[in-house]
Amino acid sequence: MTNKQVNKTSSSFKPLNPRKPYRPFKPLIAMSACALSMVSVSVAAQTSSMTPDLGKLMATAGVIQVEGAGGGGLVPWATITGYGTRDSYGANAHYTYVGTQDYKLASYGVAVGIADRVELSVAKQRFTGSQAPLNNLRIDQDIYGIKVKLAGDIVYDQDTWMPQIAAGMMIKRNNGIGGLGAVNNVKLLGAKDDSGIDYYLAATKLFLDQSLLINATVRATKANQMGILGFGGDKGDRYQAMLEGSVAYLLNRKWVVGAEYRMKPRNLAADNEKDYYDAFVAWFPSKNLSLTLAYVSLGDITIYNPKRQDGVYLSVQAGF
Amino acid sequence: MKTPTNTAVWLATAMVILMTALPVQAQKADDSLYRDLGGLEVLTKVVDDTLASALADVRIKDTFKDTDMKRLAKLITEQFCELSGGPCKYSGDPMKEVHQGLALNNMQFNALVEDLQAAMDKSNIPSRTQNKLLALLAPMQRTVVTK
């Protein structure tokens, strides 16, 4: 990476388009204010010390998914990250690597869970090509997430069908393309925008008597390949509802196996986008560490490379 | 199937088997968790081990300072036995009453669950069986946790 590229990345927190500087952030501010007031009420209501309580049961907070939110590997869940109960807080840092035949995706970030009610997350993604002529390809994206638990409890609601339900959003900003010469912005690949917001509603149900977890998420999105290839496109530029699902079996308190599915929109003529799948095994050696290994199938990425991209997903997460 | 007669005989046989087997199956299903847990002997040991851990657990040991631990062990054993379908009857007061004023929070509730999980591990109870019992205990959070 050249110095110029480093500078470009580090200055990426400025709004890219001065004509609509912070419009995408308005809903975030409203939701944050709402969330913070809920948190301050619950924090004020309790008087215990402010050291994290690590009070949730092992593995019941899930892991961090590829866009930085608490969930599985590809899908955000209704769980709030970290082991803090409603009287406390938790946080996690993650690094995730996805490697297919021709591409790599690295993601890292932090997520904070407050009072088992609100989750705030920030993640950076870097998508790179490893095969000529795209071996210099590099696309960066920032993702800011907020999630609020609305109802239910994943552990305690064992005598009802009520799942834990949460609403969230991911504010995404694509920071442009490197290594493709004059094509330095996803808009030049046909995307309508280089920033966008995903909105999702997630329901996560733990059937403890079956040692089975089922998650269903509906996401309204315009994002192409999660936003790596921008938002909207020549084939469509409206929000579409995408269904995402996860099934996980608890082998014991430290080992979980499962599979996921994530439906994807097809907005770009240049990208015959496919749905994502994964099959994973997650290991929780302690409440401070988890490792997730998965086999992922991401479909083919752009019409210029019609090969189905399959590979490995490895995520390490540390926190409390 | 060669002839309708064969089919009819097969169906009738299947029905007879089902009718005789189903009530037995239902009876079995009732106490299957109790038996999977290992019956009263194992439950007694699990509860004893759980409470021994709880008394050494800095997160919750103080909540037992006014508790008759022997009586508590007997009552929890009865409760687990009854919940899992065993031949016992919980003879204690309602959960809400006995936890009133303790001001327990979720972390403390889960701490006892973790001590119970460790005790069940010690008695070699498989995870899926442990989770079946925990599924029956989890909703008690609503009455036990008052803080």
# chains A, B, ... in the order shown; residues from 1 in each chain; ligands from 1
call {"tool": "interface_residues", "arguments": {"of": "chain B", "to": "chain A", "cutoff": "8 Å", "atoms": "only C-alpha atoms", "output": "count of residues only"}}
result
21
call {"tool": "residues_around", "arguments": {"residues": "B:Val144", "least_positions_apart": "2", "cutoff": "8 Å", "atoms": "only C-alpha atoms", "output": "list in words"}}
result
Met95, Lys96, His99, Gln100, Leu104, Phe109, Met140, Gln141, Arg142 and Thr146 of chain B
call {"tool": "write_last_selection", "arguments": {"atoms": "C-alpha atoms", "output": "PDB file, in the first residue's frame"}}
result
ATOM      1  CA  MET B  95     -40.816 -19.404  44.161  1.00  0.00           C
ATOM      2  CA  LYS B  96     -42.012 -15.809  44.205  1.00  0.00           C
ATOM      3  CA  HIS B  99     -37.166 -14.998  46.675  1.00  0.00           C
ATOM      4  CA  GLN B 100     -38.957 -11.853  47.764  1.00  0.00           C
ATOM      5  CA  LEU B 104     -31.452 -10.953  43.019  1.00  0.00           C
ATOM      6  CA  PHE B 109     -29.609 -15.984  38.657  1.00  0.00           C
ATOM      7  CA  MET B 140     -38.360 -18.912  36.832  1.00  0.00           C
ATOM      8  CA  GLN B 141     -36.168 -15.868  36.177  1.00  0.00           C
ATOM      9  CA  ARG B 142     -39.371 -13.829  36.026  1.00  0.00           C
ATOM     10  CA  THR B 146     -36.648  -8.894  41.365  1.00  0.00           C
TER      11      THR B 146
END
call {"tool": "residues_around", "arguments": {"residues": "B:Leu40", "least_positions_apart": "3", "cutoff": "9 Å", "atoms": "only C-alpha atoms", "output": "CSV table (one decimal) with C-alpha atoms, in the first residue's frame"}}
result
chain,number,residue,atom,x,y,z
B,34,TYR,CA,-36.0,-37.6,35.1
B,35,ARG,CA,-34.5,-40.9,34.0
B,37,LEU,CA,-30.8,-37.1,34.4
B,43,LEU,CA,-30.2,-35.3,41.2
B,44,THR,CA,-29.4,-35.3,44.9
B,45,LYS,CA,-25.7,-35.2,44.2
B,77,THR,CA,-34.0,-31.8,44.7
B,78,GLU,CA,-37.7,-32.2,45.1
B,81,CYS,CA,-37.3,-34.3,40.4
B,86,GLY,CA,-40.0,-37.9,38.6
B,87,PRO,CA,-42.0,-39.2,41.5
call {"tool": "select_by_dssp", "arguments": {"residues": "stretch 114-265 of chain A", "states": "strand (DSSP E)", "output": "PyMOL selection string"}}
result
chain A and resi 114+118-129+138-151+164-178+195-207+212-221+240-250+255-262
call {"tool": "closest_atom_pairs", "arguments": {"of": "stretch 64-160 of chain A", "to": "stretch 219-237 of chain A", "cutoff": "9 Å", "atoms": "only C-alpha atoms", "output": "tab-separated table"}}
result
residue	atom	partner	partner_atom	distance
A:Glu67	CA	A:Met226	CA	8.2
A:Gln125	CA	A:Ile228	CA	8.4
A:Arg126	CA	A:Ile228	CA	8.5
A:Phe127	CA	A:Ile228	CA	7.2
A:Ile139	CA	A:Ile228	CA	6.6
A:Asp140	CA	A:Ile228	CA	7.3
A:Gln141	CA	A:Ile228	CA	6.6
call {"tool": "atom_distance", "arguments": {"atom1": "atom CA of A:Val316", "atom2": "atom CA of A:Phe280"}}
result
13.1 Å
call {"tool": "atom_distance", "arguments": {"atom1": "atom CA of A:Tyr89", "atom2": "atom CA of A:Glu119"}}
result
9.7 Å
call {"tool": "residues_around", "arguments": {"residues": "A:Tyr276", "least_positions_apart": "5", "cutoff": "8 Å", "atoms": "only C-alpha atoms", "output": "CSV table (one decimal) with N, CA and C atoms, in the first residue's frame"}}
result
chain,number,residue,atom,x,y,z
A,74,LEU,N,-22.7,-14.3,8.9
A,74,LEU,CA,-23.2,-13.4,7.9
A,74,LEU,C,-24.4,-12.6,8.2
A,261,TYR,N,-28.0,-18.5,5.9
A,261,TYR,CA,-28.4,-18.2,4.5
A,261,TYR,C,-28.6,-16.7,4.5
A,262,ARG,N,-28.2,-16.0,3.4
A,262,ARG,CA,-28.5,-14.6,3.3
A,262,ARG,C,-28.8,-14.2,1.9
A,263,MET,N,-30.1,-13.8,1.7
A,263,MET,CA,-30.6,-13.4,0.4
A,263,MET,C,-29.9,-12.1,0.0
A,264,LYS,N,-29.7,-11.9,-1.3
A,264,LYS,CA,-29.1,-10.7,-1.8
A,264,LYS,C,-29.9,-10.0,-2.9
A,296,VAL,N,-17.8,-20.8,3.5
A,296,VAL,CA,-18.7,-19.8,2.9
A,296,VAL,C,-18.8,-20.0,1.4
A,297,SER,N,-20.0,-19.7,1.0
A,297,SER,CA,-20.2,-19.7,-0.5
A,297,SER,C,-20.8,-18.3,-0.8
A,298,LEU,N,-20.1,-17.5,-1.5
A,298,LEU,CA,-20.6,-16.2,-1.8
A,298,LEU,C,-21.1,-16.0,-3.2
A,299,GLY,N,-21.1,-17.0,-4.0
A,299,GLY,CA,-21.6,-16.9,-5.4
A,299,GLY,C,-20.5,-16.2,-6.2
call {"tool": "closest_residue", "arguments": {"among": "B:Ile60, B:Val113, B:Met120, B:Ala103", "to": "B:Gly38", "atoms": "only C-alpha atoms"}}
result
B:Met120
call {"tool": "residues_around", "arguments": {"residues": "B:Tyr90", "least_positions_apart": "4", "cutoff": "12 Å", "atoms": "only C-alpha atoms", "output": "ChimeraX atom specification"}}
result
/B:71-86,94-95
call {"tool": "select_by_dssp", "arguments": {"residues": "stretch 10-138 of chain B", "states": "helix (DSSP H, G or I)", "output": "MDAnalysis selection string"}}
result
chainID B and resid 10:37 39:55 61:64 69:83 95:99 106:122 127:138
call {"tool": "residues_around", "arguments": {"residues": "stretch 302-311 of chain A", "least_positions_apart": "6", "cutoff": "8 Å", "atoms": "only C-alpha atoms", "output": "VMD selection string"}}
result
chain A and resid 98 to 103 270 to 273 295 to 296
call {"tool": "decode", "arguments": {"residues": "stretch 81-105 of chain B", "atoms": "N, CA and C atoms", "output": "short mmCIF file (atom, residue, chain, number, x, y, z; two decimals), in the first residue's frame"}}
result
data_model
loop_
_atom_site.label_atom_id
_atom_site.label_comp_id
_atom_site.auth_asym_id
_atom_site.auth_seq_id
_atom_site.Cartn_x
_atom_site.Cartn_y
_atom_site.Cartn_z
N CYS B 81 -36.75 -32.95 40.62
CA CYS B 81 -37.33 -34.27 40.43
C CYS B 81 -38.74 -34.14 39.86
N GLU B 82 -39.55 -33.27 40.46
CA GLU B 82 -40.93 -33.10 39.99
C GLU B 82 -40.95 -32.51 38.58
N LEU B 83 -40.13 -31.45 38.36
CA LEU B 83 -40.10 -30.78 37.05
C LEU B 83 -39.71 -31.75 35.93
N SER B 84 -38.79 -32.65 36.23
CA SER B 84 -38.29 -33.55 35.19
C SER B 84 -39.18 -34.77 35.03
N GLY B 85 -40.27 -34.82 35.78
CA GLY B 85 -41.22 -35.91 35.62
C GLY B 85 -41.05 -37.05 36.61
N GLY B 86 -40.23 -36.83 37.61
CA GLY B 86 -39.97 -37.87 38.59
C GLY B 86 -41.07 -37.94 39.66
N PRO B 87 -40.99 -38.97 40.53
CA PRO B 87 -42.04 -39.22 41.52
C PRO B 87 -41.86 -38.41 42.80
N CYS B 88 -41.77 -37.07 42.67
CA CYS B 88 -41.60 -36.23 43.85
C CYS B 88 -42.62 -35.10 43.81
N LYS B 89 -42.71 -34.41 44.91
CA LYS B 89 -43.62 -33.26 45.00
C LYS B 89 -42.87 -32.17 45.75
N TYR B 90 -42.73 -31.02 45.09
CA TYR B 90 -42.06 -29.88 45.73
C TYR B 90 -42.88 -29.44 46.94
N SER B 91 -42.25 -29.41 48.11
CA SER B 91 -43.01 -29.12 49.33
C SER B 91 -42.70 -27.73 49.89
N GLY B 92 -41.95 -26.95 49.11
CA GLY B 92 -41.60 -25.61 49.59
C GLY B 92 -42.66 -24.58 49.26
N ASP B 93 -42.40 -23.34 49.65
CA ASP B 93 -43.30 -22.24 49.35
C ASP B 93 -43.11 -21.83 47.89
N PRO B 94 -44.10 -21.08 47.34
CA PRO B 94 -43.96 -20.64 45.94
C PRO B 94 -42.66 -19.85 45.72
N MET B 95 -42.10 -20.02 44.49
CA MET B 95 -40.82 -19.40 44.16
C MET B 95 -40.83 -17.89 44.40
N LYS B 96 -41.94 -17.26 44.07
CA LYS B 96 -42.01 -15.81 44.21
C LYS B 96 -41.83 -15.40 45.67
N GLU B 97 -42.56 -16.12 46.54
CA GLU B 97 -42.48 -15.79 47.97
C GLU B 97 -41.07 -15.97 48.54
N VAL B 98 -40.45 -17.11 48.20
CA VAL B 98 -39.16 -17.41 48.85
C VAL B 98 -38.03 -16.51 48.33
N HIS B 99 -38.23 -15.86 47.19
CA HIS B 99 -37.17 -15.00 46.68
C HIS B 99 -37.43 -13.52 46.90
N GLN B 100 -38.62 -13.24 47.49
CA GLN B 100 -38.96 -11.85 47.76
C GLN B 100 -37.95 -11.25 48.74
N GLY B 101 -37.53 -10.04 48.45
CA GLY B 101 -36.63 -9.36 49.37
C GLY B 101 -35.17 -9.71 49.18
N LEU B 102 -34.87 -10.73 48.37
CA LEU B 102 -33.46 -11.08 48.13
C LEU B 102 -32.82 -10.13 47.12
N ALA B 103 -33.65 -9.45 46.34
CA ALA B 103 -33.17 -8.49 45.34
C ALA B 103 -32.10 -9.11 44.43
N LEU B 104 -32.39 -10.29 43.92
CA LEU B 104 -31.45 -10.95 43.02
C LEU B 104 -31.53 -10.32 41.63
N ASN B 105 -30.39 -10.28 40.96
CA ASN B 105 -30.38 -9.78 39.58
C ASN B 105 -30.09 -10.93 38.61
#
